[in-house]
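Chemist: Sharing run_6.txt (compact mmCIF, C-alpha atoms) below.
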```
# COMPACT_ATOMS: atom_id res chain seq x y z
CA MET A 1 0.00 0.00 0.00
CA THR A 2 1.24 3.47 -0.90
CA ASP A 3 2.68 5.48 1.99
CA TYR A 4 1.72 9.04 1.09
CA TRP A 5 4.01 10.88 3.49
CA LEU A 6 7.06 8.73 2.80
CA SER A 7 6.44 9.32 -0.90
CA LYS A 8 5.98 13.03 -0.22
CA MET A 9 9.30 13.25 1.57
CA MET A 10 11.03 11.59 -1.39
CA PHE A 11 9.22 13.85 -3.85
CA ASP A 12 10.20 16.98 -1.91
CA LEU A 13 13.81 15.81 -1.68
CA GLN A 14 13.91 15.28 -5.38
CA LYS A 15 12.43 18.72 -6.01
CA SER A 16 14.75 20.54 -3.64
CA GLY A 17 17.86 18.62 -4.64
CA ASP A 18 19.17 19.19 -1.12
CA VAL A 19 21.40 16.15 -1.29
CA SER A 20 24.15 17.31 1.05
CA SER A 21 21.79 18.14 3.93
CA TRP A 22 20.01 14.82 3.53
CA ARG A 23 23.24 12.86 3.51
CA ALA A 24 24.57 14.78 6.50
CA ASP A 25 21.51 14.18 8.71
CA ARG A 26 18.19 12.60 7.76
CA GLU A 27 16.45 13.33 11.06
CA PRO A 28 15.40 16.94 10.38
CA PHE A 29 13.74 15.75 7.18
CA LEU A 30 12.02 12.80 8.83
CA GLU A 31 10.65 15.10 11.56
CA GLN A 32 8.80 17.20 8.99
CA TYR A 33 6.46 14.42 7.87
CA PRO A 34 3.94 12.25 9.75
CA ILE A 35 5.68 9.06 8.70
CA SER A 36 5.15 6.00 10.89
CA GLU A 37 7.98 5.14 13.26
CA GLU A 38 8.37 1.78 11.52
CA MET A 39 8.92 3.45 8.17
CA LYS A 40 11.23 6.11 9.65
CA GLN A 41 13.37 3.28 10.98
CA ALA A 42 13.37 1.62 7.56
CA VAL A 43 14.68 4.90 6.13
CA ARG A 44 17.37 5.16 8.82
CA ASP A 45 18.40 1.56 8.10
CA ASP A 46 18.26 1.91 4.30
CA ASN A 47 15.90 -1.05 4.41
CA LEU A 48 14.87 -1.16 0.76
CA ALA A 49 12.76 -4.29 1.22
CA ALA A 50 10.60 -2.46 3.77
CA ILE A 51 10.41 0.79 1.80
CA ALA A 52 9.90 -0.46 -1.76
CA PRO A 53 6.32 -1.79 -1.44
CA HIS A 54 5.13 1.60 -0.21
CA VAL A 55 6.48 4.07 -2.77
CA ASN A 56 6.37 4.49 -6.51
CA ALA A 57 9.27 2.66 -8.13
CA TYR A 58 10.45 5.76 -10.01
CA LEU A 59 10.42 7.82 -6.82
CA LEU A 60 12.38 5.07 -5.11
CA ARG A 61 15.01 5.30 -7.81
CA PHE A 62 15.30 9.07 -7.40
CA TYR A 63 15.49 8.65 -3.64
CA CYS A 64 18.20 6.01 -3.74
CA GLY A 65 20.19 8.25 -6.06
CA ILE A 66 19.89 11.06 -3.52
CA CYS A 67 21.18 8.62 -0.88
CA GLY A 68 24.26 8.08 -3.02
CA MET A 69 23.37 4.63 -4.31
CA GLY A 70 24.59 4.03 -7.85
CA ASP A 71 22.49 2.03 -10.32
CA LYS A 72 24.61 -1.11 -9.88
CA GLU A 73 24.10 -1.26 -6.12
CA PHE A 74 20.46 -0.22 -6.45
CA ILE A 75 19.73 -3.04 -8.89
CA GLU A 76 21.58 -5.58 -6.75
CA ARG A 77 19.61 -4.56 -3.70
CA LEU A 78 16.31 -4.63 -5.57
CA ARG A 79 17.05 -8.18 -6.67
CA GLU A 80 17.57 -9.20 -3.06
CA ILE A 81 13.96 -8.27 -2.35
CA ASN A 82 11.96 -11.49 -2.35
CA THR A 83 8.44 -10.22 -2.77
CA PRO A 84 8.28 -7.61 -5.51
CA GLU A 85 5.14 -5.51 -5.56
CA ARG A 86 4.45 -3.33 -8.54
CA HIS A 87 3.44 0.30 -8.27
CA MET B 1 -8.64 23.33 -41.95
CA ALA B 2 -5.83 21.76 -40.02
CA GLN B 3 -4.19 18.72 -41.51
CA LEU B 4 -2.92 15.66 -39.69
CA VAL B 5 0.36 14.98 -41.46
CA GLY B 6 1.60 11.97 -39.51
CA ALA B 7 2.40 10.41 -36.18
CA PHE B 8 5.60 9.14 -34.64
CA ALA B 9 6.78 7.37 -31.53
CA SER B 10 10.10 7.00 -29.80
CA SER B 11 11.66 5.93 -26.53
CA HIS B 12 12.99 8.46 -24.03
CA ALA B 13 15.37 6.60 -21.69
CA PRO B 14 16.92 9.18 -19.35
CA LEU B 15 20.30 7.45 -19.55
CA ILE B 16 20.48 8.51 -23.19
CA ALA B 17 21.19 11.97 -21.76
CA ARG B 18 22.79 11.15 -18.41
CA ASP B 19 25.31 8.71 -19.86
CA TRP B 20 25.60 10.09 -23.39
CA ASP B 21 29.33 10.73 -23.09
CA ILE B 22 30.11 7.24 -21.82
CA LEU B 23 27.72 5.08 -23.84
CA PRO B 24 29.40 2.51 -26.09
CA PRO B 25 29.75 3.82 -29.66
CA GLU B 26 27.41 1.19 -31.09
CA ALA B 27 24.64 2.17 -28.65
CA LYS B 28 25.09 5.87 -29.47
CA GLN B 29 25.09 5.09 -33.16
CA LYS B 30 21.84 3.14 -32.90
CA ILE B 31 20.14 5.86 -30.88
CA SER B 32 21.40 8.65 -33.13
CA SER B 33 20.39 6.89 -36.31
CA GLY B 34 16.87 6.17 -35.00
CA PHE B 35 16.30 9.81 -34.11
CA ARG B 36 18.05 11.05 -37.27
CA GLU B 37 15.71 9.04 -39.48
CA MET B 38 12.73 10.22 -37.45
CA ARG B 39 13.89 13.82 -37.79
CA SER B 40 14.25 13.49 -41.54
CA ARG B 41 10.71 12.10 -41.82
CA ILE B 42 9.28 14.86 -39.61
CA GLU B 43 11.11 17.56 -41.59
CA GLU B 44 9.64 16.19 -44.80
CA LEU B 45 6.15 16.75 -43.39
CA CYS B 46 6.90 20.34 -42.26
CA PRO B 47 4.54 20.35 -39.25
CA ASP B 48 3.61 23.69 -37.69
CA LEU B 49 2.59 21.97 -34.50
CA LEU B 50 3.63 18.87 -32.57
CA ILE B 51 1.20 17.25 -30.17
CA MET B 52 3.37 15.26 -27.81
CA LEU B 53 2.31 12.49 -25.43
CA ALA B 54 4.50 11.45 -22.52
CA PRO B 55 4.28 10.67 -18.82
CA ASP B 56 5.27 13.14 -16.13
CA HIS B 57 8.15 11.73 -14.06
CA TRP B 58 7.16 13.42 -10.78
CA VAL B 59 7.96 16.91 -12.02
CA ASN B 60 4.55 18.58 -12.37
CA PHE B 61 2.34 16.17 -10.48
CA PHE B 62 2.37 14.16 -7.28
CA LEU B 63 0.06 11.83 -5.40
CA ASP B 64 -1.99 14.75 -4.10
CA ASN B 65 -3.22 15.48 -7.62
CA LEU B 66 -2.44 12.97 -10.32
CA PRO B 67 -4.26 13.43 -13.61
CA ALA B 68 -4.86 10.58 -16.04
CA PHE B 69 -4.52 13.11 -18.88
CA CYS B 70 -3.37 16.72 -18.67
CA ILE B 71 -3.22 19.16 -21.58
CA GLY B 72 -0.66 21.99 -21.50
CA LEU B 73 -2.54 25.14 -22.51
CA GLY B 74 0.13 27.77 -22.02
CA PRO B 75 1.79 29.97 -24.65
CA GLU B 76 5.11 28.45 -23.61
CA HIS B 77 6.37 25.57 -21.53
CA GLY B 78 9.41 25.13 -19.32
CA GLY B 79 12.21 22.83 -20.39
CA PRO B 80 13.62 19.86 -18.55
CA PRO B 81 14.50 20.40 -14.88
CA GLU B 82 16.73 17.33 -14.72
CA PRO B 83 20.37 18.36 -14.29
CA PHE B 84 21.50 15.52 -16.54
CA LEU B 85 19.49 16.93 -19.45
CA SER B 86 18.99 20.68 -19.04
CA PRO B 87 22.58 21.70 -19.98
CA LYS B 88 22.31 19.69 -23.21
CA PHE B 89 18.83 20.87 -24.14
CA PRO B 90 19.04 23.35 -27.01
CA TYR B 91 15.76 25.24 -26.51
CA LYS B 92 15.34 27.86 -23.79
CA LYS B 93 11.55 27.76 -23.88
CA LEU B 94 9.11 25.65 -25.81
CA LYS B 95 6.39 27.59 -27.55
CA GLY B 96 2.85 26.36 -27.16
CA HIS B 97 -0.25 27.03 -29.21
CA PRO B 98 -2.93 28.30 -26.80
CA GLU B 99 -5.68 28.50 -29.43
CA PHE B 100 -5.22 24.94 -30.60
CA SER B 101 -4.73 23.54 -27.12
CA ARG B 102 -7.94 25.26 -25.97
CA HIS B 103 -9.71 23.73 -29.00
CA LEU B 104 -8.26 20.36 -28.03
CA ALA B 105 -9.53 20.77 -24.46
CA ASP B 106 -12.97 21.82 -25.70
CA THR B 107 -13.08 18.79 -28.00
CA ALA B 108 -12.09 16.54 -25.11
CA PHE B 109 -14.89 17.83 -22.87
CA GLU B 110 -17.42 17.62 -25.69
CA SER B 111 -16.32 14.02 -26.28
CA GLY B 112 -16.91 12.78 -22.76
CA PHE B 113 -13.40 13.26 -21.36
CA ASP B 114 -12.59 15.39 -18.31
CA PRO B 115 -8.88 16.06 -18.66
CA SER B 116 -6.77 18.12 -16.32
CA LEU B 117 -5.57 21.42 -17.75
CA SER B 118 -2.48 23.45 -16.97
CA TYR B 119 -1.20 26.80 -18.17
CA ASN B 120 2.21 26.22 -16.61
CA VAL B 121 4.07 22.96 -17.09
CA ASN B 122 7.68 21.87 -17.25
CA LEU B 123 8.49 19.20 -19.77
CA ASP B 124 10.83 16.57 -18.36
CA HIS B 125 12.96 14.03 -20.17
CA GLY B 126 9.86 12.20 -21.39
CA PHE B 127 9.22 15.06 -23.80
CA CYS B 128 12.67 16.54 -24.04
CA ILE B 129 14.94 13.60 -24.82
CA PRO B 130 13.15 13.10 -28.15
CA LEU B 131 13.20 16.86 -28.78
CA TRP B 132 16.90 17.10 -27.90
CA GLN B 133 17.84 14.13 -30.06
CA LEU B 134 15.62 15.22 -32.96
CA GLY B 135 17.13 18.71 -32.92
CA LEU B 136 14.39 20.18 -35.12
CA ASP B 137 15.28 23.67 -36.29
CA PRO B 138 13.07 25.56 -36.10
CA LEU B 139 11.17 23.64 -33.46
CA PRO B 140 7.43 23.63 -34.21
CA LYS B 141 5.06 24.76 -31.50
CA VAL B 142 4.45 22.00 -28.97
CA ILE B 143 1.26 20.96 -27.20
CA PRO B 144 2.19 18.62 -24.38
CA ILE B 145 -0.26 16.02 -23.20
CA PHE B 146 0.72 14.22 -20.02
CA VAL B 147 -0.52 10.67 -19.70
CA ASN B 148 -0.30 8.89 -16.37
CA GLU B 149 1.93 5.94 -17.21
CA LEU B 150 3.85 5.88 -13.93
CA GLU B 151 1.49 5.27 -11.05
CA GLN B 152 -1.37 2.80 -10.79
CA PRO B 153 -4.21 3.05 -11.52
CA MET B 154 -3.61 4.29 -15.05
CA PRO B 155 -5.98 5.02 -17.92
CA SER B 156 -6.97 1.76 -19.57
CA ILE B 157 -5.63 0.81 -22.99
CA LYS B 158 -9.16 1.15 -24.35
CA ARG B 159 -9.38 4.67 -22.90
CA CYS B 160 -6.09 5.52 -24.62
CA PHE B 161 -7.54 4.40 -27.94
CA ASP B 162 -10.54 6.66 -27.32
CA TRP B 163 -8.25 9.53 -26.29
CA GLY B 164 -6.27 9.14 -29.51
CA ARG B 165 -9.43 9.24 -31.60
CA MET B 166 -10.48 12.40 -29.77
CA ILE B 167 -7.15 14.03 -30.64
CA ARG B 168 -7.64 13.11 -34.28
CA SER B 169 -11.10 14.65 -34.24
CA ALA B 170 -9.70 17.85 -32.70
CA ILE B 171 -7.01 18.10 -35.37
CA VAL B 172 -9.20 17.53 -38.41
CA ASN B 173 -11.87 19.93 -37.11
CA TYR B 174 -9.56 22.82 -36.29
CA PRO B 175 -10.63 25.67 -38.60
CA GLU B 176 -7.21 27.17 -39.41
CA ASP B 177 -4.64 25.91 -41.84
CA LEU B 178 -2.07 24.10 -39.74
CA LYS B 179 0.00 21.01 -40.29
CA VAL B 180 -0.08 18.86 -37.18
CA ALA B 181 2.07 15.87 -36.28
CA VAL B 182 1.81 13.69 -33.19
CA ILE B 183 4.69 12.18 -31.23
CA GLY B 184 4.15 9.47 -28.62
CA SER B 185 7.09 9.21 -26.25
CA GLY B 186 7.85 6.22 -24.06
CA GLY B 187 8.48 2.49 -23.97
CA LEU B 188 9.15 0.04 -25.22
CA SER B 189 9.84 -2.48 -22.47
CA HIS B 190 11.80 -1.46 -19.41
CA SER B 191 11.72 -1.85 -15.69
CA ILE B 192 12.60 0.90 -13.22
CA GLY B 193 13.02 0.66 -9.45
CA GLU B 194 11.75 -2.90 -9.23
CA PRO B 195 13.61 -6.22 -8.97
CA THR B 196 13.65 -6.67 -12.75
CA MET B 197 15.29 -3.26 -13.30
CA GLY B 198 17.66 -3.35 -16.25
CA LYS B 199 15.91 -6.22 -17.99
CA ILE B 200 14.40 -5.72 -21.43
CA ASP B 201 11.54 -7.92 -22.61
CA GLU B 202 12.31 -8.27 -26.31
CA ARG B 203 9.42 -10.65 -26.79
CA PHE B 204 7.00 -8.02 -25.50
CA ASP B 205 8.56 -5.38 -27.72
CA LYS B 206 8.39 -7.51 -30.85
CA ASP B 207 4.81 -8.47 -30.05
CA CYS B 208 3.93 -4.78 -29.76
CA ILE B 209 5.57 -4.02 -33.10
CA ASP B 210 3.63 -6.89 -34.68
CA LEU B 211 0.41 -5.70 -33.10
CA PHE B 212 0.80 -2.17 -34.43
CA SER B 213 1.61 -3.62 -37.87
CA LYS B 214 -1.22 -6.13 -38.16
CA ALA B 215 -3.68 -6.34 -35.31
CA ASN B 216 -7.02 -4.67 -34.79
CA GLU B 217 -7.93 -2.67 -31.72
CA ALA B 218 -9.59 -5.54 -29.85
CA GLU B 219 -6.56 -7.78 -30.38
CA ILE B 220 -4.17 -5.08 -29.20
CA ILE B 221 -6.21 -4.43 -26.07
CA GLU B 222 -6.49 -8.13 -25.26
CA LYS B 223 -2.75 -8.78 -25.75
CA LEU B 224 -1.64 -5.75 -23.76
CA ILE B 225 -3.97 -6.47 -20.86
CA LYS B 226 -2.39 -9.93 -20.75
CA ASN B 227 1.25 -9.01 -21.36
CA LEU B 228 1.76 -5.62 -19.70
CA PRO B 229 1.78 -6.85 -16.08
CA ASN B 230 4.88 -8.98 -16.78
CA ALA B 231 6.83 -6.66 -19.07
CA GLY B 232 8.26 -4.21 -16.51
CA ASN B 233 6.65 -1.07 -15.12
CA GLY B 234 8.21 1.19 -17.77
CA SER B 235 6.38 -0.78 -20.44
CA GLU B 236 3.20 0.96 -19.31
CA GLU B 237 4.45 3.84 -21.45
CA ILE B 238 3.21 1.89 -24.46
CA ARG B 239 0.10 4.01 -23.90
CA SER B 240 1.87 6.87 -25.69
CA TRP B 241 2.27 4.60 -28.74
CA ILE B 242 -1.33 3.42 -28.46
CA ILE B 243 -2.59 7.00 -28.53
CA ALA B 244 -0.45 7.80 -31.59
CA HIS B 245 -1.77 4.62 -33.22
CA ALA B 246 -5.37 5.64 -32.51
CA VAL B 247 -4.80 9.18 -33.80
CA MET B 248 -3.90 7.54 -37.10
CA ASN B 249 -6.95 5.26 -37.03
CA GLY B 250 -4.66 2.28 -36.49
CA GLU B 251 -3.22 2.58 -40.00
CA GLY B 252 0.13 3.27 -41.62
CA PHE B 253 2.45 1.91 -38.93
CA GLU B 254 6.04 1.56 -40.03
CA LEU B 255 8.86 0.62 -37.69
CA ILE B 256 11.86 2.88 -38.16
CA ASP B 257 14.12 0.84 -35.90
CA TYR B 258 14.21 -1.23 -32.75
CA ALA B 259 17.19 -1.94 -30.49
CA PRO B 260 17.23 -3.42 -27.00
CA ILE B 261 19.91 -1.19 -25.50
CA LEU B 262 20.91 -2.65 -22.15
CA GLU B 263 23.12 0.32 -21.29
CA VAL B 264 20.03 2.55 -21.10
CA TYR B 265 17.78 -0.24 -19.70
CA VAL B 266 15.22 0.21 -22.47
CA GLY B 267 13.97 -1.62 -25.53
CA CYS B 268 14.32 1.43 -27.74
CA GLY B 269 11.92 1.88 -30.64
CA TRP B 270 11.25 4.49 -33.28
CA ALA B 271 8.19 4.42 -35.49
CA GLU B 272 6.07 6.38 -37.91
CA TRP B 273 2.40 6.13 -38.83
CA LYS B 274 2.06 7.41 -42.37
CA VAL B 275 -1.05 9.11 -43.67
CA ALA B 276 -2.63 6.84 -46.29
```
As structure tokens, how would this structure be written, given the file I've shared?
Modeler:
Amino acid sequence: MTDYWLSKMMFDLQKSGDVSSWRADREPFLEQYPISEEMKQAVRDDNLAAIAPHVNAYLLRFYCGICGMGDKEFIERLREINTPERH
Amino acid sequence: MAQLVGAFASSHAPLIARDWDILPPEAKQKISSGFREMRSRIEELCPDLLIMLAPDHWVNFFLDNLPAFCIGLGPEHGGPPEPFLSPKFPYKKLKGHPEFSRHLADTAFESGFDPSLSYNVNLDHGFCIPLWQLGLDPLPKVIPIFVNELEQPMPSIKRCFDWGRMIRSAIVNYPEDLKVAVIGSGGLSHSIGEPTMGKIDERFDKDCIDLFSKANEAEIIEKLIKNLPNAGNGSEEIRSWIIAHAVMNGEGFELIDYAPILEVYVGCGWAEWKVA
């Protein structure tokens, strides 16, 4: 199921392009959105398997790029996810 | 009266721009030759106006307001915001055609559609990679039509056929002399941000090419409903091709080229629908 606020945070990050602030400290960003604690933890842990079913796949790609993940690592980590869910 | 002079379709993989300087020569050659041939065919038709169909990649719209179809009505449109494309993009602004786009919107509402409308849109790589690669000079006026091809639920394939027919009706009933061409941008198969990312479904792509060449509308709808869920999420962009196909009454399809280019993650296709 789509997580609106998690998606919104990724969308806003993509729009602002504030990569350095995000990489330096994610907490101020996470505090701005009513994201569940479980999902905030998934973001802190870079837990792609937990995040992926709840955001649009294109947004996820933008987001992982902002986190500094290159395509090779991103694809490898996607393939480790056992239960793909399309968005 | 306005004249529909032809329709075209092409892929718009963002890596064509992002990785242009590091793509293998054979991939660049294939991409360049596809767009070069398309450009030459468009130039031959001398369109005054391009109606372009592409998805919005989270630039203009978000989950708080996500139109199935949105027509750009403004006198000009912003270019690509993506940093991997904007420095390469040769046009500062893209001129629109407010009178025609208003006529198109009126036709849509009179035909039972309720599209979203915007006087201020930015055209991302979905529109601008084809425009950059085509390098038309001068660039005709552009009417952008955004089609939701990124986030479920999306307009059905049948609805895209109907939307294409509506566009045709708007073109042929426009009272001023104007040569109009249509460009569908997207596809063919690709997969983004999901476990199959990077894979290209050549079987799906070749089936689509066969369908556009030979099949009737019912057959196309049936096949796509069956095949799309397993062809990668980017393959949903086939809707842009479907709309171009319907604009041309399902006739005159001619493949310009097809190449599954792994380096850009996309089964790249270029096509023309010729006026009979």
Chemist: Please provide as a list of chain:residue names all residues within 10 Å of A:Ala57, with the sequence filter that same-chain residues fewer than 3 positions apart are discarded (counting all atoms listed in the file).
Modeler: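 Contacts, in chain order: A:Ala52, A:Pro53, A:His54, A:Leu60, A:Arg61, A:Phe62, A:Tyr63, A:Glu85, A:Arg86, A:His87, B:Leu150, B:Glu151, B:Ser191, B:Ile192, B:Gly193, B:Glu194, B:Pro195, B:Met197, B:Asn233, B:Gly234.
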Chemist: List as a count of residues only the protein and nucleic acid residues near stretch 30-35 of chain A, meaning an atom at most 12 Å away when all atoms listed in the file are counted, but skip any in the same chain fewer than 4 places from it.
Modeler: 22
Chemist: Using only C-alpha atoms, find the one residue out of B:Ala181, B:His245, B:Pro81, B:Ile209 that sits nearest to B:Arg41.
Modeler: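 So, comparing all the options, the nearest one is B:Ala181.
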Chemist: Could you tell me how far atom CA of B:Asn216 lies from atom CA of B:Arg165, in Å and to one decimal?
Modeler: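 Interatomic distance, atom CA of B:Asn216 to atom CA of B:Arg165: 14.5 Å.
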Chemist: Can you work out the spacing between atom CA of B:Ala271 and atom CA of B:Leu178 in Å, to one decimal?
Modeler: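 Computing it gives 22.6 Å between the two atoms.
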Chemist: Write out as a ChimeraX atom specification each polymer residue whose atoms come within 10 Å of A:Cys64, counting only C-alpha atoms; drop sequence neighbours fewer than 6 positions from it.
Modeler: /A:10,46,48,58,70-71,73-74 /B:193
Chemist: Counting all atoms listed in the file, figure out which residue out of A:Pro28, A:Lys72, A:Arg77, A:Ala49 gets nearest to B:Tyr265.
Modeler: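 Of A:Pro28, A:Lys72, A:Arg77, A:Ala49, the one nearest B:Tyr265 is A:Lys72, counting all atoms listed in the file.
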Chemist: If I take atom CA of A:Ser20 and atom CA of B:Leu23, how far is one from the other in Å, to one decimal?
Modeler: 28.0 Å
